[in-house]
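Dumped data_35.txt below, it's compact mmCIF, C-alpha atoms:
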# COMPACT_ATOMS: atom_id res chain seq x y z
CA MET W 78 -36.47 4.77 -136.73
CA ALA W 79 -38.79 1.82 -136.61
CA ALA W 80 -41.48 1.93 -139.23
CA GLN W 81 -44.65 0.07 -138.50
CA ALA W 82 -46.73 -1.53 -141.19
CA HIS W 83 -50.39 -2.35 -140.91
CA ASN W 84 -53.59 -2.80 -142.92
CA ALA W 85 -51.65 -4.94 -145.35
CA GLU W 86 -53.27 -6.46 -148.37
CA ARG W 87 -51.68 -9.06 -150.64
CA LEU W 88 -52.86 -9.32 -154.22
CA PRO W 89 -51.82 -11.64 -157.05
CA ILE W 90 -50.50 -10.35 -160.36
CA ARG W 91 -51.49 -12.94 -162.91
CA ALA W 92 -53.36 -11.08 -165.62
CA GLN W 93 -54.10 -7.65 -166.99
CA GLU W 94 -57.26 -7.38 -164.84
CA ASP W 95 -55.13 -7.77 -161.72
CA VAL W 96 -53.24 -4.59 -162.62
CA VAL W 97 -56.56 -2.73 -162.69
CA LEU W 98 -57.50 -4.10 -159.27
CA ILE W 99 -54.10 -3.14 -157.87
CA ARG W 100 -54.50 0.42 -159.10
CA GLN W 101 -57.91 0.65 -157.45
CA THR W 102 -56.64 -0.82 -154.18
CA VAL W 103 -53.62 1.47 -154.04
CA ARG W 104 -55.88 4.44 -154.73
CA ASP W 105 -58.15 3.39 -151.84
CA PHE W 106 -55.14 3.15 -149.50
CA ALA W 107 -53.85 6.57 -150.57
CA LYS W 108 -57.29 8.11 -150.21
CA GLN W 109 -57.74 6.69 -146.72
CA LEU W 110 -54.44 8.24 -145.70
CA GLY W 111 -55.77 11.57 -146.87
CA MET W 112 -53.18 12.01 -149.62
CA SER W 113 -53.68 14.83 -152.09
CA LEU W 114 -55.01 14.02 -155.53
CA VAL W 115 -51.56 14.58 -157.01
CA ASP W 116 -49.91 12.19 -154.54
CA GLN W 117 -52.65 9.63 -155.05
CA THR W 118 -52.15 9.78 -158.80
CA LYS W 119 -48.37 9.47 -158.45
CA ILE W 120 -48.40 6.34 -156.29
CA VAL W 121 -51.19 4.77 -158.34
CA THR W 122 -49.27 5.39 -161.56
CA ALA W 123 -46.07 4.00 -160.07
CA ALA W 124 -47.99 0.92 -158.91
CA SER W 125 -49.41 0.50 -162.39
CA GLU W 126 -45.94 0.59 -163.97
CA ILE W 127 -44.35 -1.90 -161.60
CA ALA W 128 -47.37 -4.21 -161.56
CA ARG W 129 -47.25 -4.41 -165.33
CA ASN W 130 -43.50 -5.04 -165.28
CA THR W 131 -44.05 -7.83 -162.76
CA LEU W 132 -46.64 -9.32 -165.09
CA ILE W 133 -44.79 -8.93 -168.38
CA TYR W 134 -41.12 -9.34 -167.43
CA GLY W 135 -41.44 -11.27 -164.14
CA GLY W 136 -44.04 -13.69 -165.44
CA GLY W 137 -46.48 -12.69 -162.71
CA GLY W 138 -46.13 -12.46 -158.97
CA TRP W 139 -47.57 -10.76 -155.93
CA VAL W 140 -47.90 -7.31 -154.47
CA ARG W 141 -48.20 -6.37 -150.83
CA ILE W 142 -49.86 -3.05 -150.19
CA GLU W 143 -49.62 -1.57 -146.70
CA VAL W 144 -49.91 1.56 -144.66
CA LEU W 145 -46.55 2.53 -143.20
CA GLU W 146 -46.34 4.44 -139.98
CA SER W 147 -43.05 6.04 -139.02
CA ASN W 148 -43.77 8.74 -136.51
CA PRO W 149 -44.82 11.34 -137.45
CA ARG W 150 -45.02 10.35 -141.10
CA ARG W 151 -47.48 8.01 -142.71
CA GLY W 152 -47.32 6.56 -146.15
CA VAL W 153 -48.13 3.72 -148.48
CA ARG W 154 -45.60 0.97 -149.10
CA LEU W 155 -45.83 -1.39 -152.05
CA ILE W 156 -43.74 -4.54 -152.31
CA PHE W 157 -43.77 -6.33 -155.66
CA GLU W 158 -42.29 -9.79 -155.89
CA ASP W 159 -41.85 -12.24 -158.73
CA GLN W 160 -39.90 -15.41 -159.40
CA GLY W 161 -39.01 -14.40 -162.92
CA PRO W 162 -35.66 -14.20 -164.71
CA GLY W 163 -34.50 -11.21 -162.66
CA ILE W 164 -32.89 -7.98 -163.86
CA PRO W 165 -29.24 -8.53 -164.86
CA ASP W 166 -28.24 -4.84 -164.91
CA ILE W 167 -30.43 -2.71 -162.64
CA GLU W 168 -28.66 0.58 -163.45
CA ARG W 169 -29.27 0.04 -167.12
CA ALA W 170 -32.89 -1.01 -166.55
CA LEU W 171 -33.49 2.26 -164.71
CA GLN W 172 -32.20 4.33 -167.62
CA ASP W 173 -34.92 6.15 -169.51
CA GLY W 174 -35.56 4.66 -172.89
CA PHE W 175 -34.03 1.29 -172.11
CA THR W 176 -36.36 -1.64 -172.61
CA THR W 177 -36.08 -5.30 -173.49
CA GLY W 178 -39.74 -5.32 -174.54
CA ASN W 179 -42.03 -3.14 -176.63
CA GLY W 180 -42.68 -0.37 -174.13
CA LEU W 181 -41.30 3.14 -173.91
CA GLY W 182 -38.60 2.12 -171.45
CA LEU W 183 -39.77 4.72 -168.97
CA GLY W 184 -41.75 2.65 -166.49
CA LEU W 185 -39.06 1.66 -164.02
CA GLY W 186 -37.29 5.03 -163.92
CA GLY W 187 -40.65 6.80 -163.94
CA ALA W 188 -41.89 4.77 -160.99
CA ARG W 189 -38.71 5.67 -159.09
CA ARG W 190 -39.31 9.36 -159.76
CA LEU W 191 -42.94 9.02 -158.65
CA SER W 192 -41.95 7.43 -155.33
CA ASN W 193 -40.20 8.86 -152.28
CA GLU W 194 -38.27 5.68 -151.63
CA PHE W 195 -37.47 3.02 -154.17
CA GLU W 196 -35.50 -0.18 -153.97
CA ILE W 197 -34.84 -3.03 -156.37
CA VAL W 198 -33.44 -6.36 -155.24
CA SER W 199 -32.92 -8.80 -158.06
CA ARG W 200 -30.97 -11.98 -158.65
CA PRO W 201 -30.73 -13.37 -162.16
CA GLY W 202 -32.73 -16.58 -162.38
CA GLU W 203 -34.35 -16.12 -158.98
CA GLY W 204 -36.62 -13.15 -159.26
CA THR W 205 -37.09 -9.53 -158.40
CA ARG W 206 -38.41 -7.59 -155.43
CA ILE W 207 -39.26 -3.93 -155.86
CA THR W 208 -40.26 -1.84 -152.86
CA LEU W 209 -41.63 1.65 -153.17
CA ILE W 210 -42.90 4.11 -150.61
CA ARG W 211 -44.79 7.32 -151.00
CA TRP W 212 -45.15 9.42 -147.85
CA LYS W 213 -48.10 11.64 -147.17
CA LEU W 214 -46.65 15.10 -147.23
CA MET J 55 -77.33 -47.76 -159.82
CA ASN J 56 -77.79 -51.46 -159.40
CA SER J 57 -80.16 -51.01 -156.48
CA THR J 58 -82.86 -49.32 -158.48
CA GLU J 59 -84.63 -52.53 -159.39
CA ALA J 60 -85.12 -53.49 -155.80
CA SER J 61 -85.51 -49.91 -154.63
CA LYS J 62 -88.65 -48.89 -152.83
CA LEU J 63 -88.20 -45.30 -153.96
CA PRO J 64 -90.31 -45.44 -157.16
CA GLU J 65 -93.23 -46.90 -155.27
CA ILE J 66 -92.85 -44.40 -152.44
CA LEU J 67 -92.86 -41.52 -154.87
CA ARG J 68 -95.98 -42.85 -156.59
CA GLN J 69 -97.87 -43.45 -153.40
CA TYR J 70 -96.92 -40.41 -151.35
CA GLU J 71 -96.27 -37.74 -153.98
CA ALA J 72 -98.72 -35.27 -152.42
CA GLU J 73 -97.41 -35.76 -148.88
CA ILE J 74 -93.77 -35.50 -149.94
CA LEU J 75 -94.55 -32.35 -151.88
CA SER J 76 -96.17 -30.64 -148.93
CA GLU J 77 -93.39 -31.64 -146.50
CA TRP J 78 -90.74 -30.55 -148.98
CA LEU J 79 -92.48 -27.21 -149.54
CA GLN J 80 -92.76 -26.61 -145.84
CA HIS J 81 -89.10 -27.34 -145.46
CA GLN J 82 -88.13 -24.95 -148.24
CA LEU J 83 -90.37 -22.19 -146.99
CA SER J 84 -89.06 -22.35 -143.45
CA SER J 85 -85.45 -22.29 -144.63
CA MET J 86 -85.97 -19.34 -146.95
CA LYS J 87 -88.06 -17.13 -144.74
CA LEU J 88 -85.79 -14.21 -145.46
CA ARG J 89 -85.95 -14.60 -149.22
CA SER J 90 -89.73 -14.50 -149.55
CA SER J 91 -89.28 -11.18 -151.29
CA LEU J 92 -87.47 -12.88 -154.16
CA ILE J 93 -89.99 -15.57 -155.00
CA ARG J 94 -93.70 -16.03 -154.59
CA GLU J 95 -94.97 -19.01 -152.66
CA ALA J 96 -97.27 -19.97 -155.50
CA ASP J 97 -94.34 -20.03 -157.92
CA LEU J 98 -92.32 -22.18 -155.58
CA ARG J 99 -95.24 -24.58 -155.15
CA GLU J 100 -95.63 -24.89 -158.92
CA GLN J 101 -91.87 -25.40 -159.46
CA SER J 102 -91.71 -28.04 -156.74
CA ARG J 103 -94.81 -29.87 -157.96
CA LYS J 104 -93.50 -29.99 -161.52
CA PHE J 105 -90.07 -31.12 -160.42
CA LEU J 106 -91.42 -33.90 -158.21
CA ALA J 107 -93.63 -35.17 -161.02
CA HIS J 108 -90.70 -35.32 -163.46
CA PHE J 109 -88.44 -36.73 -160.78
CA GLY J 110 -90.84 -39.57 -160.02
CA HIS J 111 -91.16 -40.29 -163.70
CA ALA J 112 -87.41 -40.45 -164.19
CA ILE J 113 -86.90 -42.62 -161.11
CA ARG J 114 -89.50 -45.09 -162.31
CA SER J 115 -87.70 -45.38 -165.64
CA GLY J 116 -84.79 -46.87 -163.69
CA ASP J 117 -82.36 -45.24 -166.11
CA ASP J 118 -79.09 -43.50 -165.42
CA ILE J 119 -79.17 -39.79 -164.63
CA GLY J 120 -77.36 -38.96 -167.86
CA SER J 121 -80.00 -40.69 -169.98
CA SER J 122 -82.86 -39.13 -171.88
CA SER J 123 -85.39 -40.17 -169.23
CA TRP J 124 -83.83 -37.55 -167.00
CA ALA J 125 -83.68 -34.86 -169.65
CA GLU J 126 -86.78 -33.06 -168.37
CA VAL J 127 -85.51 -33.09 -164.79
CA ARG J 128 -82.15 -31.69 -165.87
CA GLU J 129 -83.77 -29.05 -168.02
CA LEU J 130 -86.11 -28.00 -165.26
CA LEU J 131 -83.24 -27.69 -162.79
CA ALA J 132 -81.10 -25.70 -165.20
CA ASP J 133 -84.02 -23.41 -165.90
CA LEU J 134 -84.73 -22.93 -162.21
CA SER J 135 -81.07 -22.20 -161.46
CA ARG J 136 -80.88 -19.62 -164.23
CA THR J 137 -84.02 -17.90 -162.98
CA ARG J 138 -82.81 -17.91 -159.41
CA ALA J 139 -79.39 -16.59 -160.35
CA ARG J 140 -81.10 -13.69 -162.07
CA GLN J 141 -83.41 -13.13 -159.11
CA GLY J 142 -80.39 -12.75 -156.86
CA PHE J 143 -80.32 -16.09 -155.03
CA THR J 144 -76.94 -17.32 -153.86
CA PRO J 145 -75.63 -20.65 -155.20
CA SER J 146 -76.36 -22.32 -151.83
CA GLU J 147 -79.90 -21.04 -151.79
CA THR J 148 -80.36 -22.31 -155.32
CA ALA J 149 -78.97 -25.74 -154.46
CA ALA J 150 -81.12 -25.84 -151.31
CA PHE J 151 -84.11 -26.42 -153.58
CA ILE J 152 -82.89 -29.88 -154.44
CA PHE J 153 -81.07 -30.71 -151.19
CA SER J 154 -84.12 -30.01 -149.05
CA LEU J 155 -85.85 -32.89 -150.83
CA LYS J 156 -83.65 -35.33 -148.93
CA LYS J 157 -85.41 -35.07 -145.63
CA PRO J 158 -88.96 -35.98 -146.68
CA LEU J 159 -87.65 -38.79 -148.90
CA PHE J 160 -85.38 -40.21 -146.19
CA THR J 161 -88.27 -40.19 -143.75
CA ARG J 162 -90.44 -42.20 -146.14
CA LEU J 163 -87.62 -44.62 -146.88
CA ARG J 164 -87.09 -45.28 -143.21
CA GLU J 165 -90.76 -46.04 -142.73
CA ALA J 166 -90.79 -48.33 -145.75
CA CYS J 167 -87.70 -50.27 -144.70
CA GLY J 168 -88.74 -50.80 -141.14
CA ASN J 169 -86.16 -52.93 -139.37
CA ASP J 170 -84.21 -53.80 -142.48
CA ILE J 171 -81.19 -51.61 -141.75
CA GLU J 172 -79.17 -53.18 -144.54
CA SER J 173 -81.52 -52.20 -147.33
CA LEU J 174 -82.18 -48.81 -145.73
CA ALA J 175 -78.47 -48.03 -145.93
CA VAL J 176 -78.40 -49.06 -149.59
CA GLU J 177 -81.48 -47.00 -150.37
CA ILE J 178 -80.17 -43.92 -148.61
CA TRP J 179 -76.81 -44.14 -150.27
CA ALA J 180 -78.36 -44.42 -153.74
CA LEU J 181 -80.71 -41.52 -153.07
CA THR J 182 -77.94 -39.36 -151.63
CA GLU J 183 -75.80 -39.92 -154.68
CA LEU J 184 -78.68 -39.03 -156.92
CA VAL J 185 -79.65 -35.85 -155.07
CA ASP J 186 -76.03 -34.74 -154.82
CA THR J 187 -75.58 -35.10 -158.55
CA LEU J 188 -78.69 -33.03 -159.14
CA GLY J 189 -77.44 -30.48 -156.62
CA LEU J 190 -74.19 -30.13 -158.52
CA LEU J 191 -76.17 -29.62 -161.70
CA THR J 192 -77.95 -26.65 -160.15
CA ALA J 193 -74.68 -25.18 -158.91
CA GLU J 194 -73.15 -25.48 -162.36
CA ALA J 195 -76.16 -23.95 -164.07
CA HIS J 196 -76.17 -21.14 -161.52
CA GLN J 197 -72.48 -20.48 -162.13
CA ARG J 198 -72.93 -20.56 -165.88
CA SER J 199 -75.70 -18.01 -165.85
CA ARG J 200 -73.58 -15.67 -163.70
CA GLU J 201 -70.75 -16.04 -166.18
CA ASP J 202 -73.14 -15.25 -169.00
CA VAL J 203 -74.09 -12.06 -167.21
CA ILE J 204 -70.44 -11.06 -166.77
CA ALA J 205 -69.60 -11.83 -170.39
CA ARG J 206 -72.56 -9.79 -171.55
CA GLN J 207 -71.59 -6.86 -169.37
CA GLN J 208 -68.05 -6.95 -170.70
CA GLN J 209 -69.42 -6.89 -174.20
CA GLU J 210 -71.66 -3.97 -173.34
CA LEU J 211 -68.77 -2.06 -171.78
CA MET J 212 -66.75 -2.61 -174.91
CA GLU J 213 -69.45 -1.06 -177.06
CA LEU J 214 -70.71 1.59 -174.69
CA SER J 215 -67.45 3.32 -174.11
CA THR J 216 -66.24 3.76 -177.65
CA PRO J 217 -68.29 6.51 -179.24
CA VAL J 218 -66.60 8.83 -181.66
CA VAL J 219 -68.64 12.02 -181.85
CA LYS J 220 -68.67 14.72 -184.46
CA LEU J 221 -68.33 18.15 -182.88
CA TRP J 222 -68.25 20.24 -186.02
CA ASP J 223 -67.47 19.90 -189.70
CA ASN J 224 -64.09 18.15 -189.85
CA ILE J 225 -63.77 17.93 -186.06
CA LEU J 226 -64.17 14.59 -184.28
CA ALA J 227 -63.97 13.95 -180.56
CA LEU J 228 -63.20 10.71 -178.73
CA PRO J 229 -64.12 10.91 -175.06
CA LEU J 230 -62.17 8.13 -173.36
CA ILE J 231 -63.46 6.61 -170.14
CA GLY J 232 -61.91 4.20 -167.66
CA THR J 233 -59.02 1.80 -167.98
CA LEU J 234 -56.95 2.32 -171.07
CA ASP J 235 -54.44 -0.50 -170.93
CA SER J 236 -56.71 -3.33 -171.94
CA GLU J 237 -57.83 -4.82 -175.21
CA ARG J 238 -60.52 -2.19 -175.24
CA THR J 239 -57.97 0.49 -176.06
CA GLN J 240 -57.22 -1.19 -179.34
CA VAL J 241 -60.92 -1.19 -180.23
CA VAL J 242 -61.32 2.44 -179.23
CA MET J 243 -58.33 3.61 -181.21
CA GLU J 244 -59.21 1.63 -184.31
CA ASN J 245 -62.68 3.05 -184.09
CA LEU J 246 -61.29 6.58 -184.14
CA LEU J 247 -59.05 5.91 -187.14
CA GLN J 248 -61.99 4.35 -188.95
CA GLN J 249 -64.12 7.41 -188.30
CA ILE J 250 -61.36 9.69 -189.53
CA VAL J 251 -61.35 7.81 -192.83
CA GLN J 252 -65.12 7.86 -193.13
CA THR J 253 -65.62 11.52 -192.32
CA GLY J 254 -62.38 12.89 -193.72
CA ALA J 255 -62.02 14.86 -190.49
CA ALA J 256 -59.01 17.17 -190.21
CA ILE J 257 -58.86 17.31 -186.42
CA ALA J 258 -59.51 14.67 -183.79
CA ILE J 259 -59.78 15.60 -180.11
CA ILE J 260 -58.93 12.77 -177.72
CA ASP J 261 -60.38 13.62 -174.34
CA ILE J 262 -58.88 11.78 -171.35
CA THR J 263 -60.95 13.47 -168.61
CA GLY J 264 -62.48 10.10 -167.77
CA VAL J 265 -59.18 8.23 -167.58
CA PRO J 266 -58.06 8.02 -163.94
CA THR J 267 -54.48 6.87 -164.54
CA VAL J 268 -52.14 7.76 -167.39
CA ASP J 269 -49.07 5.57 -167.17
CA THR J 270 -46.44 4.83 -169.81
CA LEU J 271 -48.55 2.20 -171.55
CA VAL J 272 -51.54 4.52 -171.81
CA ALA J 273 -49.23 7.28 -173.06
CA GLN J 274 -47.80 4.90 -175.62
CA HIS J 275 -51.29 3.98 -176.86
CA LEU J 276 -52.15 7.66 -177.15
CA MET J 277 -48.96 8.47 -179.05
CA LYS J 278 -49.46 5.59 -181.45
CA THR J 279 -52.97 6.74 -182.21
CA VAL J 280 -51.84 10.32 -182.70
CA SER J 281 -49.11 9.14 -185.10
CA ALA J 282 -51.49 6.93 -187.05
CA ALA J 283 -54.06 9.72 -187.30
CA GLY J 284 -51.29 12.05 -188.46
CA LEU J 285 -50.34 9.67 -191.24
CA MET J 286 -53.94 9.77 -192.35
CA GLY J 287 -53.87 13.54 -192.47
CA ALA J 288 -55.67 14.31 -189.23
CA ASP J 289 -54.22 16.40 -186.39
CA CYS J 290 -54.90 15.25 -182.85
CA ILE J 291 -55.42 17.35 -179.75
CA ILE J 292 -55.36 15.67 -176.36
CA SER J 293 -57.68 17.27 -173.84
CA GLY J 294 -58.64 16.58 -170.25
CA VAL J 295 -55.08 16.76 -168.96
CA ARG J 296 -55.74 17.54 -165.29
CA PRO J 297 -53.03 18.92 -162.98
CA GLN J 298 -52.29 15.57 -161.32
CA ILE J 299 -52.05 13.86 -164.70
CA ALA J 300 -49.76 16.57 -166.05
CA GLN J 301 -47.40 16.25 -163.06
CA THR J 302 -47.36 12.49 -163.29
CA ILE J 303 -46.57 12.54 -167.01
CA VAL J 304 -43.65 14.87 -166.33
CA HIS J 305 -42.28 12.55 -163.62
CA LEU J 306 -42.66 9.57 -165.87
CA GLY J 307 -40.56 11.38 -168.45
CA VAL J 308 -43.06 10.83 -171.24
CA GLU J 309 -42.59 13.22 -174.15
CA LEU J 310 -45.84 13.87 -175.91
CA GLY J 311 -43.86 15.43 -178.77
CA SER J 312 -45.61 17.99 -180.87
CA VAL J 313 -49.11 17.00 -179.87
CA ALA J 314 -51.22 19.88 -178.66
CA THR J 315 -52.67 19.26 -175.21
CA LYS J 316 -55.34 21.16 -173.36
CA ALA J 317 -56.82 21.06 -169.89
CA THR J 318 -60.42 20.91 -171.02
CA LEU J 319 -62.40 19.74 -174.01
CA ALA J 320 -63.73 23.29 -174.44
CA ASP J 321 -60.19 24.65 -174.83
CA ALA J 322 -59.36 21.92 -177.32
CA PHE J 323 -62.50 22.65 -179.31
CA ARG J 324 -61.68 26.34 -179.45
CA LEU J 325 -58.17 25.53 -180.69
CA ALA J 326 -59.58 23.18 -183.30
CA LEU J 327 -61.96 25.83 -184.59
CA ARG J 328 -59.18 28.37 -184.80
CA ARG J 329 -57.03 25.98 -186.80
CA LEU J 330 -59.87 25.53 -189.26
CA GLY J 331 -60.40 29.25 -189.45
CA ALA J 332 -63.80 29.15 -187.80
CA THR J 333 -64.96 31.25 -184.89
CA ILE J 334 -67.81 31.17 -182.46
CA SER J 335 -69.19 34.51 -181.46
CA ARG J 336 -71.73 35.56 -178.92
CA THR J 337 -74.76 37.52 -180.05
CA ASP J 338 -76.44 39.76 -177.59
CA PRO J 339 -79.77 38.11 -176.76
CA ALA J 340 -81.21 41.49 -175.73
CA ARG J 341 -81.10 42.78 -179.26
Would you mind giving the structure from this file in structure tokens?
Amino acid sequence: MAAQAHNAERLPIRAQEDVVLIRQTVRDFAKQLGMSLVDQTKIVTAASEIARNTLIYGGGGWVRIEVLESNPRRGVRLIFEDQGPGIPDIERALQDGFTTGNGLGLGLGGARRLSNEFEIVSRPGEGTRITLIRWKL
Amino acid sequence: MNSTEASKLPEILRQYEAEILSEWLQHQLSSMKLRSSLIREADLREQSRKFLAHFGHAIRSGDDIGSSSWAEVRELLADLSRTRARQGFTPSETAAFIFSLKKPLFTRLREACGNDIESLAVEIWALTELVDTLGLLTAEAHQRSREDVIARQQQELMELSTPVVKLWDNILALPLIGTLDSERTQVVMENLLQQIVQTGAAIAIIDITGVPTVDTLVAQHLMKTVSAAGLMGADCIISGVRPQIAQTIVHLGVELGSVATKATLADAFRLALRRLGATISRTDPAR
């Protein structure tokens, strides 16, 4: 099943304001796909969580936002990348309540629950790539 | 500028000021045909005349552009850039004011130098450097005034969106609007706690109808505020929890604990009144 990506947009994650812009952009993408308000809110919230993680724990990075077409489904795919310290224990990081910072420790697991597909690739010392997809139901 | 002493420019400016002004104006007007709505021709004429007068004065002083002889020129340019930025000119259009002066001046220089190519090159280089520096000044001033506008708007946003309103005796409401994960949140929340102290309110309603996204950080801010208010003896009710927000919060796994939440501000207000033992009743207007 070959999925086709188009309409991609690449945004930097360098400061708090960038997270706001990412939320707005993701919402625009979801709206254009005709997603329901609930689905829009879910993917936007997931984007907000991961974007902030990229900023705080990854030391900043980039996000690629794109429309994904995989006949007959369409969705939004977000790819977050940073060159930060990486996540040493992904299973543990996904556990609710686990945090190395000051947050609630729910962001990563929450974002996974808010997405249809979720993948973390991380190498200690090299960085992290998180991909999430939300299909239009 | 070691060429200024021998330069023909001061003399040219003295002798042909009127001609240069009219050529320059013509040039500006033809290049900004589309922007005539933004500036009146008479204003432009006055600005140009004043600038050329100061410019000639400064040139004749033979001083460096950073010196006090140029102060009036610099001030005039900064002022013009600020005005144009406010009027909606682009930076290029603003800088065009000064750059369009090159052509009439170059023409005069060429006439004055005749066959002396060597000195013409020197003259043109000196003038180009000068005009470019002035052009950069306008661009900087333009940029600065835009930044001032942005800073002011940020400040306004900060103040505008943080009203704590009194709904009833002992009942405060904080209608939150927009992004809640910035510095602003801190201001908003502190504002609420301050108002609780001042009014001795027993119940504070935090309305999140105007908050598009509630993620874990926003939830954390809310919980912290609720806890702090609780320590000060005030109960919080969170209202404006729309269906999509409710579902998202559940997926995130955020526990709002014992905080009462309501879909609308009206529901929250009714609950607050009940807790205080007050009721609102309808009287029949017919009687």
Which residues are close to Glu203 (chain W), i.e. within 8 Å by only C-alpha atoms, leaving aside same-chain residues fewer than 2 positions away? Reply as a ChimeraX atom specification. /W:160-163,199-201,205
Residues of chain W were defined as contacting chain J if any atom lay at most 8 Å from it, counting all atoms listed in the file; please report them as a ChimeraX atom specification. /W:93,97,114-116,118-119,121-123,125-126,173,180-181,183-184,186-188,190-191
Atom-to-atom span, CA of Leu184 (chain J) and CA of Ile66 (chain J), Å: 15.8 Å
Residues near Leu228 (chain J), cut-off 10 Å, only C-alpha atoms, skip fewer than 3 positions along chain, as a list in words: Ser215, Thr216, Pro217, Val218, Val219, Lys220, Leu221, Ile231, Val242, Met243, Asn245, Leu246, Ala258, Ile259, Ile260, Asp261, Ile262, Ile292 and Ser293 of chain J
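The smallest atom-to-atom distance between Arg164 (chain J) and any of J:Ala227, J:Lys62, J:Val203, J:Asp117, using all atoms listed in the file, is found for J:Lys62.
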If we count only C-alpha atoms and set the cut-off at 10 Å, which residues sit around Ala170 (chain W), ignoring sequence neighbours fewer than 3 positions away in its own chain? Please answer as a list in words. Ile164, Pro165, Asp166, Ile167, Asp173, Gly174, Phe175, Thr176, Thr177, Gly182, Leu183, Gly184, Leu185 and Gly186 of chain W
In the coordinates of the file, take the point (-58.2, 16.2, -184.4) and a cut-off of 10 Å; then, counting only C-alpha atoms, name each qualifying protein, DNA or RNA residue as a list in words. Asn224, Ile225, Leu226, Ala227, Leu228, Ile250, Ala255, Ala256, Ile257, Ala258, Ile259, Ile260, Val280, Ala283, Gly284, Gly287, Ala288, Asp289, Cys290, Ile291, Ile292, Ala314, Ala322, Phe323 and Ala326 of chain J
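The space between CA of Ala149 (chain J) and CA of Leu174 (chain J) spans 24.9 Å.
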Within 7 Å of region 76-80 of chain J using all atoms listed in the file, minus same-chain residues under 3 positions, as number ranges by chain: J: 72-73, 83-84, 99, 154-155, 158
Just the residues within 6 Å of Pro64 (chain J), please, counting all atoms listed in the file, with nothing from its chain fewer than 3 positions along; format it as an NGL selection string. :J and (67 or 113-114)
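Coordinates place CA of Ile156 (chain W) at a distance of 5.0 Å from CA of Arg141 (chain W).
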Please tell me which residues are no farther than 12 Å from (-75.8, -40.9, -155.3) in the file, counting all atoms listed in the file, and write them as a PyMOL selection string. chain J and resi 55-58+118-119+156+176-190
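Of the listed residues W:Arg169, W:His83, W:Arg189, W:Arg211, the one whose atoms come nearest to Glu146 (chain W) is W:His83, with distances taken using all atoms listed in the file.
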